Amino acid sequence: MIPQRKFGLEIYGGRAQEIAARTSPFDSYDELLILESEEHLHSVLVLLDRLKEPYERCELLWLGTDTWDRGELFADYAFVTDRGNVYVDLKTVAMFSLHAAKPDAEPAPAWLQLQEHLIGSVTSVGIPLLLIDRQLTELADKIARVYGCSAEWHD
C-alpha cells in the first residue's frame with residue numbers, strides 16, 4: 001500500500017450529507033468530505049461557494065485500511081471512516097523513511113529510539129515508512145544523524 005494524498009473539506013453548515021450525495025466524494029467522516037483529486041476538489045468548492053456553505057480545507061494522507069503497525073500515538077492522530085479507510089491530517093503528521101547515510105550506520109538503534117515518537121509505520125514497495133508528529137521532524141533528523149542515518153521526508 002502506497003499512502004496517497006487526498007483533499008478534505010470540513011462542511012460547517014450541517015449539509016455535508018446532502019453535498020456528498022451531489023458530489024460523490026472518495027470517502028467521508030462525519031462532516032468531512034474526502035476527495036480524490038484537485039479537479040474534484042475544485043468542482044466541490046464551486047458548489048460550496050454557490051451555496052454559500054462554510055467549509056475548511058485540509059490535506060490528508062490516506063493510509064489504506066489495516067496495513068499499518070500502529071504506534072501508541074496512532075489513535076491521537078489518525079481517524080478511520082465507515083469504509084475502514086485510515087487517514088491522518090498532513091498539517092499535524094509527517095511521513096519519512098530512514099536510510100543508512102554512512103558505511104557504519106546503525107538504523108536498528110535509530111529505529112528503536114524513534115519508536116516512542118512514532119504514530120505508526122508500514123513497509124511500502126520495500127521501504128519502511130514512518131509517521132511522526134510534524135513538530136518532531138527536527139528531533140527525528142537528529143536521531144537519524146546520531147546513528148549515521150538520514151531521514152527522507154515524503155509529502
# chains A, B, ... in the order shown; residues from 1 in each chain; ligands from 1
$ residues_around --residues "His99 in chain A" --least-positions-apart "4" --cutoff "10 Å" --atoms "only C-alpha atoms" --output "PyMOL selection string"
chain A and resi 105-107+127-128+144+148-152
$ residues_around --residues "Leu33 in chain A" --least-positions-apart "4" --cutoff "8 Å" --atoms "only C-alpha atoms" --output "PyMOL selection string"
chain A and resi 8-11+16+20+25-29
$ residues_around --residues "Arg15 in chain A" --least-positions-apart "4" --cutoff "12 Å" --atoms "only C-alpha atoms" --output "JSON, numbers by chain"
{"A": [10, 11, 19, 20, 21, 22, 30, 31, 32, 33, 48, 51, 52, 53, 54, 55]}
$ write_last_selection --atoms "N, CA and C atoms" --output "PDB file, in the first residue's frame"
ATOM      1  N   GLU A  10     -14.097  20.146   5.374  1.00  0.00           N
ATOM      2  CA  GLU A  10     -14.975  20.057   6.544  1.00  0.00           C
ATOM      3  C   GLU A  10     -16.111  21.043   6.309  1.00  0.00           C
ATOM      4  N   ILE A  11     -17.330  20.524   6.248  1.00  0.00           N
ATOM      5  CA  ILE A  11     -18.509  21.327   5.949  1.00  0.00           C
ATOM      6  C   ILE A  11     -19.144  21.759   7.271  1.00  0.00           C
ATOM      7  N   ILE A  19     -24.443  17.450   0.356  1.00  0.00           N
ATOM      8  CA  ILE A  19     -23.383  17.795  -0.588  1.00  0.00           C
ATOM      9  C   ILE A  19     -22.661  16.531  -1.052  1.00  0.00           C
ATOM     10  N   ALA A  20     -22.475  15.578  -0.151  1.00  0.00           N
ATOM     11  CA  ALA A  20     -21.844  14.309  -0.529  1.00  0.00           C
ATOM     12  C   ALA A  20     -22.690  13.587  -1.576  1.00  0.00           C
ATOM     13  N   ALA A  21     -24.008  13.614  -1.415  1.00  0.00           N
ATOM     14  CA  ALA A  21     -24.893  12.953  -2.379  1.00  0.00           C
ATOM     15  C   ALA A  21     -24.803  13.604  -3.757  1.00  0.00           C
ATOM     16  N   ARG A  22     -24.519  14.900  -3.785  1.00  0.00           N
ATOM     17  CA  ARG A  22     -24.444  15.630  -5.055  1.00  0.00           C
ATOM     18  C   ARG A  22     -23.059  15.562  -5.698  1.00  0.00           C
ATOM     19  N   ASP A  30     -17.938  11.908   9.336  1.00  0.00           N
ATOM     20  CA  ASP A  30     -18.790  12.920   9.961  1.00  0.00           C
ATOM     21  C   ASP A  30     -19.068  14.033   8.946  1.00  0.00           C
ATOM     22  N   GLU A  31     -18.615  15.250   9.223  1.00  0.00           N
ATOM     23  CA  GLU A  31     -18.864  16.395   8.339  1.00  0.00           C
ATOM     24  C   GLU A  31     -17.709  16.646   7.369  1.00  0.00           C
ATOM     25  N   LEU A  32     -16.797  15.695   7.267  1.00  0.00           N
ATOM     26  CA  LEU A  32     -15.618  15.831   6.415  1.00  0.00           C
ATOM     27  C   LEU A  32     -15.813  15.030   5.127  1.00  0.00           C
ATOM     28  N   LEU A  33     -15.753  15.730   3.988  1.00  0.00           N
ATOM     29  CA  LEU A  33     -15.776  15.063   2.692  1.00  0.00           C
ATOM     30  C   LEU A  33     -14.336  14.857   2.260  1.00  0.00           C
ATOM     31  N   LEU A  48     -19.867  24.638  -3.175  1.00  0.00           N
ATOM     32  CA  LEU A  48     -19.955  25.208  -1.830  1.00  0.00           C
ATOM     33  C   LEU A  48     -20.021  26.731  -1.868  1.00  0.00           C
ATOM     34  N   LEU A  51     -23.477  27.760  -2.952  1.00  0.00           N
ATOM     35  CA  LEU A  51     -24.447  27.558  -1.869  1.00  0.00           C
ATOM     36  C   LEU A  51     -24.150  28.412  -0.639  1.00  0.00           C
ATOM     37  N   LYS A  52     -23.019  29.128  -0.674  1.00  0.00           N
ATOM     38  CA  LYS A  52     -22.562  29.931   0.476  1.00  0.00           C
ATOM     39  C   LYS A  52     -22.438  29.073   1.736  1.00  0.00           C
ATOM     40  N   GLU A  53     -21.949  27.849   1.514  1.00  0.00           N
ATOM     41  CA  GLU A  53     -21.776  26.879   2.600  1.00  0.00           C
ATOM     42  C   GLU A  53     -20.377  27.047   3.202  1.00  0.00           C
ATOM     43  N   PRO A  54     -20.270  27.292   4.510  1.00  0.00           N
ATOM     44  CA  PRO A  54     -18.945  27.449   5.123  1.00  0.00           C
ATOM     45  C   PRO A  54     -18.189  26.115   5.166  1.00  0.00           C
ATOM     46  N   TYR A  55     -16.885  26.178   4.950  1.00  0.00           N
ATOM     47  CA  TYR A  55     -16.056  24.979   4.926  1.00  0.00           C
ATOM     48  C   TYR A  55     -14.622  25.338   5.303  1.00  0.00           C
TER      49      TYR A  55
END
$ closest_residue --among "A:Arg70, A:Arg83, A:Tyr12, A:Val44" --to "Gln115 in chain A" --atoms "only C-alpha atoms"
A:Arg70
$ residues_around --residues "Arg134 in chain A" --least-positions-apart "2" --cutoff "7 Å" --atoms "only C-alpha atoms" --output "NGL selection string"
:A and (92-94 or 132 or 136-137)
$ residues_around --residues "His117 in chain A" --least-positions-apart "6" --cutoff "10 Å" --atoms "only C-alpha atoms" --output "VMD selection string"
chain A and resid 71 to 73 130 to 133 136 139 to 140
$ write_last_selection --atoms "C-alpha atoms" --output "PDB file, in the first residue's frame"
ATOM      1  CA  GLY A  71       2.165   3.117  17.461  1.00  0.00           C
ATOM      2  CA  GLU A  72       0.861   4.203  20.842  1.00  0.00           C
ATOM      3  CA  LEU A  73       0.018   7.636  19.399  1.00  0.00           C
ATOM      4  CA  LEU A 130       7.273   6.114   9.466  1.00  0.00           C
ATOM      5  CA  LEU A 131       4.701   8.622  10.732  1.00  0.00           C
ATOM      6  CA  ILE A 132       5.618  11.209  13.339  1.00  0.00           C
ATOM      7  CA  ASP A 133       4.146  14.428  14.704  1.00  0.00           C
ATOM      8  CA  LEU A 136       9.128  16.383  15.852  1.00  0.00           C
ATOM      9  CA  LEU A 139      14.184  15.523  16.502  1.00  0.00           C
ATOM     10  CA  ALA A 140      13.844  12.641  14.011  1.00  0.00           C
TER      11      ALA A 140
END
$ residues_around --residues "Val88 in chain A" --least-positions-apart "4" --cutoff "7 Å" --atoms "only C-alpha atoms" --output "PyMOL selection string"
chain A and resi 60-62+77-79+93
$ write_last_selection --atoms "C-alpha atoms" --output "short mmCIF file (atom, residue, chain, number, x, y, z; two decimals), in the first residue's frame"
data_model
loop_
_atom_site.label_atom_id
_atom_site.label_comp_id
_atom_site.auth_asym_id
_atom_site.auth_seq_id
_atom_site.Cartn_x
_atom_site.Cartn_y
_atom_site.Cartn_z
CA LEU A 60 -4.97 14.28 4.23
CA LEU A 61 -2.81 11.24 3.84
CA TRP A 62 -4.79 8.11 3.03
CA TYR A 77 -3.59 11.40 15.08
CA ALA A 78 -5.48 9.03 12.77
CA PHE A 79 -9.16 8.52 12.09
CA VAL A 93 1.69 14.46 10.72
#
$ select_by_dssp --residues "chain A" --states "alpha helix (DSSP H)" --output "ChimeraX atom specification"
/A:16-23,38-51,74-77,107-114,137-146
$ select_by_dssp --residues "chain A" --states "strand (DSSP E or B)" --output "PDB file with N, CA, C and O atoms, in the first residue's frame"
ATOM      1  N   GLN A   4      -1.455   7.813  -0.056  1.00  0.00           N
ATOM      2  CA  GLN A   4      -1.802   8.779  -1.087  1.00  0.00           C
ATOM      3  C   GLN A   4      -2.398  10.034  -0.476  1.00  0.00           C
ATOM      4  O   GLN A   4      -3.157   9.955   0.485  1.00  0.00           O
ATOM      5  N   ARG A   5      -2.071  11.161  -1.094  1.00  0.00           N
ATOM      6  CA  ARG A   5      -2.623  12.443  -0.660  1.00  0.00           C
ATOM      7  C   ARG A   5      -4.070  12.544  -1.132  1.00  0.00           C
ATOM      8  O   ARG A   5      -4.391  12.220  -2.266  1.00  0.00           O
ATOM      9  N   LYS A   6      -4.927  12.973  -0.227  1.00  0.00           N
ATOM     10  CA  LYS A   6      -6.336  13.239  -0.527  1.00  0.00           C
ATOM     11  C   LYS A   6      -6.658  14.641  -0.022  1.00  0.00           C
ATOM     12  O   LYS A   6      -5.888  15.232   0.742  1.00  0.00           O
ATOM     13  N   PHE A   7      -7.797  15.147  -0.420  1.00  0.00           N
ATOM     14  CA  PHE A   7      -8.185  16.510  -0.061  1.00  0.00           C
ATOM     15  C   PHE A   7      -9.457  16.462   0.764  1.00  0.00           C
ATOM     16  O   PHE A   7     -10.414  15.789   0.394  1.00  0.00           O
ATOM     17  N   GLY A   8      -9.446  17.160   1.890  1.00  0.00           N
ATOM     18  CA  GLY A   8     -10.598  17.163   2.772  1.00  0.00           C
ATOM     19  C   GLY A   8     -11.284  18.502   2.805  1.00  0.00           C
ATOM     20  O   GLY A   8     -10.639  19.549   2.699  1.00  0.00           O
ATOM     21  N   LEU A   9     -12.606  18.463   2.937  1.00  0.00           N
ATOM     22  CA  LEU A   9     -13.414  19.662   3.118  1.00  0.00           C
ATOM     23  C   LEU A   9     -14.334  19.429   4.300  1.00  0.00           C
ATOM     24  O   LEU A   9     -15.226  18.569   4.237  1.00  0.00           O
ATOM     25  N   GLU A  10     -14.097  20.146   5.374  1.00  0.00           N
ATOM     26  CA  GLU A  10     -14.975  20.057   6.544  1.00  0.00           C
ATOM     27  C   GLU A  10     -16.111  21.043   6.309  1.00  0.00           C
ATOM     28  O   GLU A  10     -15.888  22.241   6.156  1.00  0.00           O
ATOM     29  N   ILE A  11     -17.330  20.524   6.248  1.00  0.00           N
ATOM     30  CA  ILE A  11     -18.509  21.327   5.949  1.00  0.00           C
ATOM     31  C   ILE A  11     -19.144  21.759   7.271  1.00  0.00           C
ATOM     32  O   ILE A  11     -19.485  20.919   8.104  1.00  0.00           O
ATOM     33  N   ASP A  27     -14.538   9.446   0.005  1.00  0.00           N
ATOM     34  CA  ASP A  27     -14.861   8.910   1.323  1.00  0.00           C
ATOM     35  C   ASP A  27     -15.418  10.066   2.152  1.00  0.00           C
ATOM     36  O   ASP A  27     -15.419  11.224   1.704  1.00  0.00           O
ATOM     37  N   SER A  28     -15.879   9.764   3.355  1.00  0.00           N
ATOM     38  CA  SER A  28     -16.349  10.821   4.249  1.00  0.00           C
ATOM     39  C   SER A  28     -16.195  10.357   5.694  1.00  0.00           C
ATOM     40  O   SER A  28     -16.091   9.169   5.977  1.00  0.00           O
ATOM     41  N   TYR A  29     -16.204  11.356   6.589  1.00  0.00           N
ATOM     42  CA  TYR A  29     -16.083  11.082   8.018  1.00  0.00           C
ATOM     43  C   TYR A  29     -16.816  12.205   8.740  1.00  0.00           C
ATOM     44  O   TYR A  29     -16.371  13.362   8.707  1.00  0.00           O
ATOM     45  N   LEU A  32     -16.797  15.695   7.267  1.00  0.00           N
ATOM     46  CA  LEU A  32     -15.618  15.831   6.415  1.00  0.00           C
ATOM     47  C   LEU A  32     -15.813  15.030   5.127  1.00  0.00           C
ATOM     48  O   LEU A  32     -16.000  13.816   5.166  1.00  0.00           O
ATOM     49  N   LEU A  33     -15.753  15.730   3.988  1.00  0.00           N
ATOM     50  CA  LEU A  33     -15.776  15.063   2.692  1.00  0.00           C
ATOM     51  C   LEU A  33     -14.336  14.857   2.260  1.00  0.00           C
ATOM     52  O   LEU A  33     -13.518  15.782   2.349  1.00  0.00           O
ATOM     53  N   ILE A  34     -14.016  13.676   1.772  1.00  0.00           N
ATOM     54  CA  ILE A  34     -12.660  13.348   1.346  1.00  0.00           C
ATOM     55  C   ILE A  34     -12.691  13.145  -0.164  1.00  0.00           C
ATOM     56  O   ILE A  34     -13.428  12.294  -0.665  1.00  0.00           O
ATOM     57  N   LEU A  35     -11.897  13.966  -0.862  1.00  0.00           N
ATOM     58  CA  LEU A  35     -11.910  13.997  -2.316  1.00  0.00           C
ATOM     59  C   LEU A  35     -10.606  13.448  -2.860  1.00  0.00           C
ATOM     60  O   LEU A  35      -9.545  13.665  -2.288  1.00  0.00           O
ATOM     61  N   TYR A  55     -16.885  26.178   4.950  1.00  0.00           N
ATOM     62  CA  TYR A  55     -16.056  24.979   4.926  1.00  0.00           C
ATOM     63  C   TYR A  55     -14.622  25.338   5.303  1.00  0.00           C
ATOM     64  O   TYR A  55     -14.237  26.503   5.312  1.00  0.00           O
ATOM     65  N   GLU A  56     -13.860  24.301   5.595  1.00  0.00           N
ATOM     66  CA  GLU A  56     -12.418  24.440   5.828  1.00  0.00           C
ATOM     67  C   GLU A  56     -11.721  23.323   5.063  1.00  0.00           C
ATOM     68  O   GLU A  56     -12.140  22.171   5.115  1.00  0.00           O
ATOM     69  N   ARG A  57     -10.655  23.681   4.359  1.00  0.00           N
ATOM     70  CA  ARG A  57      -9.879  22.709   3.590  1.00  0.00           C
ATOM     71  C   ARG A  57      -8.798  22.074   4.451  1.00  0.00           C
ATOM     72  O   ARG A  57      -8.274  22.700   5.365  1.00  0.00           O
ATOM     73  N   CYS A  58      -8.442  20.852   4.110  1.00  0.00           N
ATOM     74  CA  CYS A  58      -7.291  20.204   4.741  1.00  0.00           C
ATOM     75  C   CYS A  58      -6.701  19.210   3.753  1.00  0.00           C
ATOM     76  O   CYS A  58      -7.373  18.773   2.816  1.00  0.00           O
ATOM     77  N   GLU A  59      -5.444  18.899   3.953  1.00  0.00           N
ATOM     78  CA  GLU A  59      -4.792  17.882   3.141  1.00  0.00           C
ATOM     79  C   GLU A  59      -4.600  16.653   4.023  1.00  0.00           C
ATOM     80  O   GLU A  59      -4.100  16.750   5.143  1.00  0.00           O
ATOM     81  N   LEU A  60      -4.994  15.532   3.482  1.00  0.00           N
ATOM     82  CA  LEU A  60      -4.969  14.285   4.229  1.00  0.00           C
ATOM     83  C   LEU A  60      -4.031  13.288   3.566  1.00  0.00           C
ATOM     84  O   LEU A  60      -3.774  13.371   2.371  1.00  0.00           O
ATOM     85  N   LEU A  61      -3.569  12.361   4.359  1.00  0.00           N
ATOM     86  CA  LEU A  61      -2.807  11.239   3.836  1.00  0.00           C
ATOM     87  C   LEU A  61      -3.649   9.993   4.062  1.00  0.00           C
ATOM     88  O   LEU A  61      -4.008   9.670   5.195  1.00  0.00           O
ATOM     89  N   TRP A  62      -4.008   9.334   2.965  1.00  0.00           N
ATOM     90  CA  TRP A  62      -4.789   8.105   3.027  1.00  0.00           C
ATOM     91  C   TRP A  62      -3.828   6.953   3.248  1.00  0.00           C
ATOM     92  O   TRP A  62      -2.903   6.733   2.480  1.00  0.00           O
ATOM     93  N   ASP A  69       1.355  -0.673  11.143  1.00  0.00           N
ATOM     94  CA  ASP A  69       1.685  -1.027  12.518  1.00  0.00           C
ATOM     95  C   ASP A  69       1.427   0.234  13.323  1.00  0.00           C
ATOM     96  O   ASP A  69       2.104   1.248  13.128  1.00  0.00           O
ATOM     97  N   ARG A  70       0.473   0.172  14.170  1.00  0.00           N
ATOM     98  CA  ARG A  70       0.029   1.369  14.888  1.00  0.00           C
ATOM     99  C   ARG A  70       0.854   1.566  16.151  1.00  0.00           C
ATOM    100  O   ARG A  70       0.929   0.683  16.980  1.00  0.00           O
ATOM    101  N   ALA A  78      -4.812   9.653  13.922  1.00  0.00           N
ATOM    102  CA  ALA A  78      -5.485   9.034  12.775  1.00  0.00           C
ATOM    103  C   ALA A  78      -6.979   8.906  13.041  1.00  0.00           C
ATOM    104  O   ALA A  78      -7.420   8.881  14.182  1.00  0.00           O
ATOM    105  N   PHE A  79      -7.739   8.833  11.955  1.00  0.00           N
ATOM    106  CA  PHE A  79      -9.156   8.519  12.085  1.00  0.00           C
ATOM    107  C   PHE A  79      -9.518   7.479  11.032  1.00  0.00           C
ATOM    108  O   PHE A  79      -8.877   7.363   9.991  1.00  0.00           O
ATOM    109  N   VAL A  80     -10.538   6.699  11.352  1.00  0.00           N
ATOM    110  CA  VAL A  80     -10.979   5.607  10.492  1.00  0.00           C
ATOM    111  C   VAL A  80     -12.414   5.899  10.063  1.00  0.00           C
ATOM    112  O   VAL A  80     -13.279   6.153  10.903  1.00  0.00           O
ATOM    113  N   VAL A  86      -8.110   4.580   6.688  1.00  0.00           N
ATOM    114  CA  VAL A  86      -7.394   5.313   7.734  1.00  0.00           C
ATOM    115  C   VAL A  86      -6.751   6.545   7.115  1.00  0.00           C
ATOM    116  O   VAL A  86      -6.135   6.471   6.050  1.00  0.00           O
ATOM    117  N   TYR A  87      -6.888   7.691   7.794  1.00  0.00           N
ATOM    118  CA  TYR A  87      -6.337   8.957   7.326  1.00  0.00           C
ATOM    119  C   TYR A  87      -5.634   9.688   8.463  1.00  0.00           C
ATOM    120  O   TYR A  87      -5.991   9.509   9.630  1.00  0.00           O
ATOM    121  N   VAL A  88      -4.673  10.533   8.092  1.00  0.00           N
ATOM    122  CA  VAL A  88      -4.073  11.490   9.019  1.00  0.00           C
ATOM    123  C   VAL A  88      -4.056  12.840   8.322  1.00  0.00           C
ATOM    124  O   VAL A  88      -4.036  12.922   7.086  1.00  0.00           O
ATOM    125  N   ASP A  89      -4.058  13.896   9.113  1.00  0.00           N
ATOM    126  CA  ASP A  89      -4.014  15.262   8.592  1.00  0.00           C
ATOM    127  C   ASP A  89      -2.552  15.651   8.403  1.00  0.00           C
ATOM    128  O   ASP A  89      -1.765  15.597   9.348  1.00  0.00           O
ATOM    129  N   VAL A  93       0.915  15.692  10.848  1.00  0.00           N
ATOM    130  CA  VAL A  93       1.691  14.457  10.723  1.00  0.00           C
ATOM    131  C   VAL A  93       2.658  14.557   9.546  1.00  0.00           C
ATOM    132  O   VAL A  93       2.317  15.103   8.501  1.00  0.00           O
ATOM    133  N   ALA A  94       3.863  14.022   9.728  1.00  0.00           N
ATOM    134  CA  ALA A  94       4.862  13.954   8.666  1.00  0.00           C
ATOM    135  C   ALA A  94       5.254  12.494   8.468  1.00  0.00           C
ATOM    136  O   ALA A  94       5.250  11.700   9.403  1.00  0.00           O
ATOM    137  N   MET A  95       5.611  12.152   7.223  1.00  0.00           N
ATOM    138  CA  MET A  95       5.991  10.784   6.894  1.00  0.00           C
ATOM    139  C   MET A  95       7.429  10.786   6.375  1.00  0.00           C
ATOM    140  O   MET A  95       7.811  11.650   5.587  1.00  0.00           O
ATOM    141  N   PHE A  96       8.223   9.804   6.835  1.00  0.00           N
ATOM    142  CA  PHE A  96       9.605   9.724   6.385  1.00  0.00           C
ATOM    143  C   PHE A  96      10.071   8.281   6.325  1.00  0.00           C
ATOM    144  O   PHE A  96       9.431   7.372   6.848  1.00  0.00           O
ATOM    145  N   SER A  97      11.203   8.101   5.667  1.00  0.00           N
ATOM    146  CA  SER A  97      11.879   6.801   5.660  1.00  0.00           C
ATOM    147  C   SER A  97      13.283   7.026   6.203  1.00  0.00           C
ATOM    148  O   SER A  97      13.849   8.115   6.086  1.00  0.00           O
ATOM    149  N   LEU A  98      13.824   6.004   6.819  1.00  0.00           N
ATOM    150  CA  LEU A  98      15.138   6.062   7.455  1.00  0.00           C
ATOM    151  C   LEU A  98      16.131   5.311   6.576  1.00  0.00           C
ATOM    152  O   LEU A  98      15.876   4.167   6.186  1.00  0.00           O
ATOM    153  N   HIS A  99      17.252   5.962   6.249  1.00  0.00           N
ATOM    154  CA  HIS A  99      18.241   5.355   5.355  1.00  0.00           C
ATOM    155  C   HIS A  99      19.636   5.448   5.966  1.00  0.00           C
ATOM    156  O   HIS A  99      19.967   6.447   6.614  1.00  0.00           O
ATOM    157  N   ALA A 100      20.445   4.442   5.717  1.00  0.00           N
ATOM    158  CA  ALA A 100      21.848   4.476   6.139  1.00  0.00           C
ATOM    159  C   ALA A 100      22.566   5.528   5.292  1.00  0.00           C
ATOM    160  O   ALA A 100      22.539   5.468   4.070  1.00  0.00           O
ATOM    161  N   LEU A 118       6.769   7.470  17.364  1.00  0.00           N
ATOM    162  CA  LEU A 118       6.093   7.089  16.125  1.00  0.00           C
ATOM    163  C   LEU A 118       4.583   6.973  16.306  1.00  0.00           C
ATOM    164  O   LEU A 118       4.096   6.420  17.281  1.00  0.00           O
ATOM    165  N   ILE A 119       3.885   7.489  15.307  1.00  0.00           N
ATOM    166  CA  ILE A 119       2.442   7.317  15.230  1.00  0.00           C
ATOM    167  C   ILE A 119       2.139   5.959  14.617  1.00  0.00           C
ATOM    168  O   ILE A 119       1.211   5.275  15.019  1.00  0.00           O
ATOM    169  N   GLY A 120       2.960   5.565  13.650  1.00  0.00           N
ATOM    170  CA  GLY A 120       2.788   4.276  13.012  1.00  0.00           C
ATOM    171  C   GLY A 120       3.861   4.054  11.963  1.00  0.00           C
ATOM    172  O   GLY A 120       4.662   4.940  11.676  1.00  0.00           O
ATOM    173  N   SER A 121       3.877   2.848  11.400  1.00  0.00           N
ATOM    174  CA  SER A 121       4.840   2.516  10.352  1.00  0.00           C
ATOM    175  C   SER A 121       4.247   1.451   9.437  1.00  0.00           C
ATOM    176  O   SER A 121       3.360   0.700   9.830  1.00  0.00           O
ATOM    177  N   VAL A 122       4.761   1.407   8.217  1.00  0.00           N
ATOM    178  CA  VAL A 122       4.340   0.421   7.234  1.00  0.00           C
ATOM    179  C   VAL A 122       5.476   0.244   6.237  1.00  0.00           C
ATOM    180  O   VAL A 122       6.282   1.160   6.043  1.00  0.00           O
ATOM    181  N   THR A 123       5.567  -0.931   5.634  1.00  0.00           N
ATOM    182  CA  THR A 123       6.528  -1.125   4.554  1.00  0.00           C
ATOM    183  C   THR A 123       5.768  -1.002   3.246  1.00  0.00           C
ATOM    184  O   THR A 123       4.792  -1.718   3.010  1.00  0.00           O
ATOM    185  N   SER A 124       6.200  -0.062   2.415  1.00  0.00           N
ATOM    186  CA  SER A 124       5.558   0.195   1.142  1.00  0.00           C
ATOM    187  C   SER A 124       6.595   0.086   0.039  1.00  0.00           C
ATOM    188  O   SER A 124       7.605   0.797   0.070  1.00  0.00           O
ATOM    189  N   ILE A 127      10.084  -0.300   1.284  1.00  0.00           N
ATOM    190  CA  ILE A 127      10.668   0.789   2.077  1.00  0.00           C
ATOM    191  C   ILE A 127       9.805   1.026   3.311  1.00  0.00           C
ATOM    192  O   ILE A 127       8.605   1.298   3.185  1.00  0.00           O
ATOM    193  N   PRO A 128      10.397   0.945   4.517  1.00  0.00           N
ATOM    194  CA  PRO A 128       9.625   1.270   5.715  1.00  0.00           C
ATOM    195  C   PRO A 128       9.319   2.773   5.763  1.00  0.00           C
ATOM    196  O   PRO A 128      10.212   3.600   5.627  1.00  0.00           O
ATOM    197  N   LEU A 129       8.047   3.096   5.914  1.00  0.00           N
ATOM    198  CA  LEU A 129       7.606   4.480   6.053  1.00  0.00           C
ATOM    199  C   LEU A 129       7.156   4.696   7.490  1.00  0.00           C
ATOM    200  O   LEU A 129       6.454   3.856   8.055  1.00  0.00           O
ATOM    201  N   LEU A 130       7.554   5.812   8.067  1.00  0.00           N
ATOM    202  CA  LEU A 130       7.273   6.114   9.466  1.00  0.00           C
ATOM    203  C   LEU A 130       6.454   7.394   9.556  1.00  0.00           C
ATOM    204  O   LEU A 130       6.705   8.358   8.825  1.00  0.00           O
ATOM    205  N   LEU A 131       5.501   7.426  10.477  1.00  0.00           N
ATOM    206  CA  LEU A 131       4.701   8.622  10.732  1.00  0.00           C
ATOM    207  C   LEU A 131       5.091   9.194  12.083  1.00  0.00           C
ATOM    208  O   LEU A 131       5.241   8.459  13.064  1.00  0.00           O
ATOM    209  N   ILE A 132       5.233  10.526  12.108  1.00  0.00           N
ATOM    210  CA  ILE A 132       5.618  11.209  13.339  1.00  0.00           C
ATOM    211  C   ILE A 132       4.900  12.559  13.384  1.00  0.00           C
ATOM    212  O   ILE A 132       4.503  13.092  12.353  1.00  0.00           O
ATOM    213  N   ASP A 133       4.719  13.093  14.570  1.00  0.00           N
ATOM    214  CA  ASP A 133       4.146  14.428  14.704  1.00  0.00           C
ATOM    215  C   ASP A 133       5.026  15.413  13.939  1.00  0.00           C
ATOM    216  O   ASP A 133       6.253  15.383  14.062  1.00  0.00           O
ATOM    217  N   CYS A 149      22.512   7.803  10.005  1.00  0.00           N
ATOM    218  CA  CYS A 149      21.406   7.631   9.054  1.00  0.00           C
ATOM    219  C   CYS A 149      20.887   9.000   8.605  1.00  0.00           C
ATOM    220  O   CYS A 149      21.308  10.040   9.110  1.00  0.00           O
ATOM    221  N   SER A 150      19.961   8.973   7.698  1.00  0.00           N
ATOM    222  CA  SER A 150      19.272  10.193   7.294  1.00  0.00           C
ATOM    223  C   SER A 150      17.782   9.895   7.206  1.00  0.00           C
ATOM    224  O   SER A 150      17.372   8.758   6.932  1.00  0.00           O
ATOM    225  N   ALA A 151      17.001  10.915   7.464  1.00  0.00           N
ATOM    226  CA  ALA A 151      15.546  10.803   7.328  1.00  0.00           C
ATOM    227  C   ALA A 151      15.164  11.459   6.009  1.00  0.00           C
ATOM    228  O   ALA A 151      15.507  12.603   5.762  1.00  0.00           O
ATOM    229  N   GLU A 152      14.488  10.696   5.156  1.00  0.00           N
ATOM    230  CA  GLU A 152      13.990  11.244   3.886  1.00  0.00           C
ATOM    231  C   GLU A 152      12.501  11.511   4.057  1.00  0.00           C
ATOM    232  O   GLU A 152      11.720  10.590   4.287  1.00  0.00           O
ATOM    233  N   TRP A 153      12.131  12.774   3.934  1.00  0.00           N
ATOM    234  CA  TRP A 153      10.748  13.193   4.181  1.00  0.00           C
ATOM    235  C   TRP A 153       9.921  13.056   2.922  1.00  0.00           C
ATOM    236  O   TRP A 153      10.350  13.418   1.841  1.00  0.00           O
ATOM    237  N   HIS A 154       8.718  12.522   3.072  1.00  0.00           N
ATOM    238  CA  HIS A 154       7.810  12.282   1.955  1.00  0.00           C
ATOM    239  C   HIS A 154       6.562  13.132   2.123  1.00  0.00           C
ATOM    240  O   HIS A 154       5.979  13.138   3.209  1.00  0.00           O
TER     241      HIS A 154
END
$ closest_residue --among "A:Gly64, A:Leu41, A:Arg145, A:Asn85" --to "Ala101 in chain A" --atoms "only C-alpha atoms"
A:Arg145
$ closest_residue --among "A:Gln113, A:Thr67, A:Leu47, A:Gly14" --to "Ile2 in chain A" --atoms "only C-alpha atoms"
A:Thr67
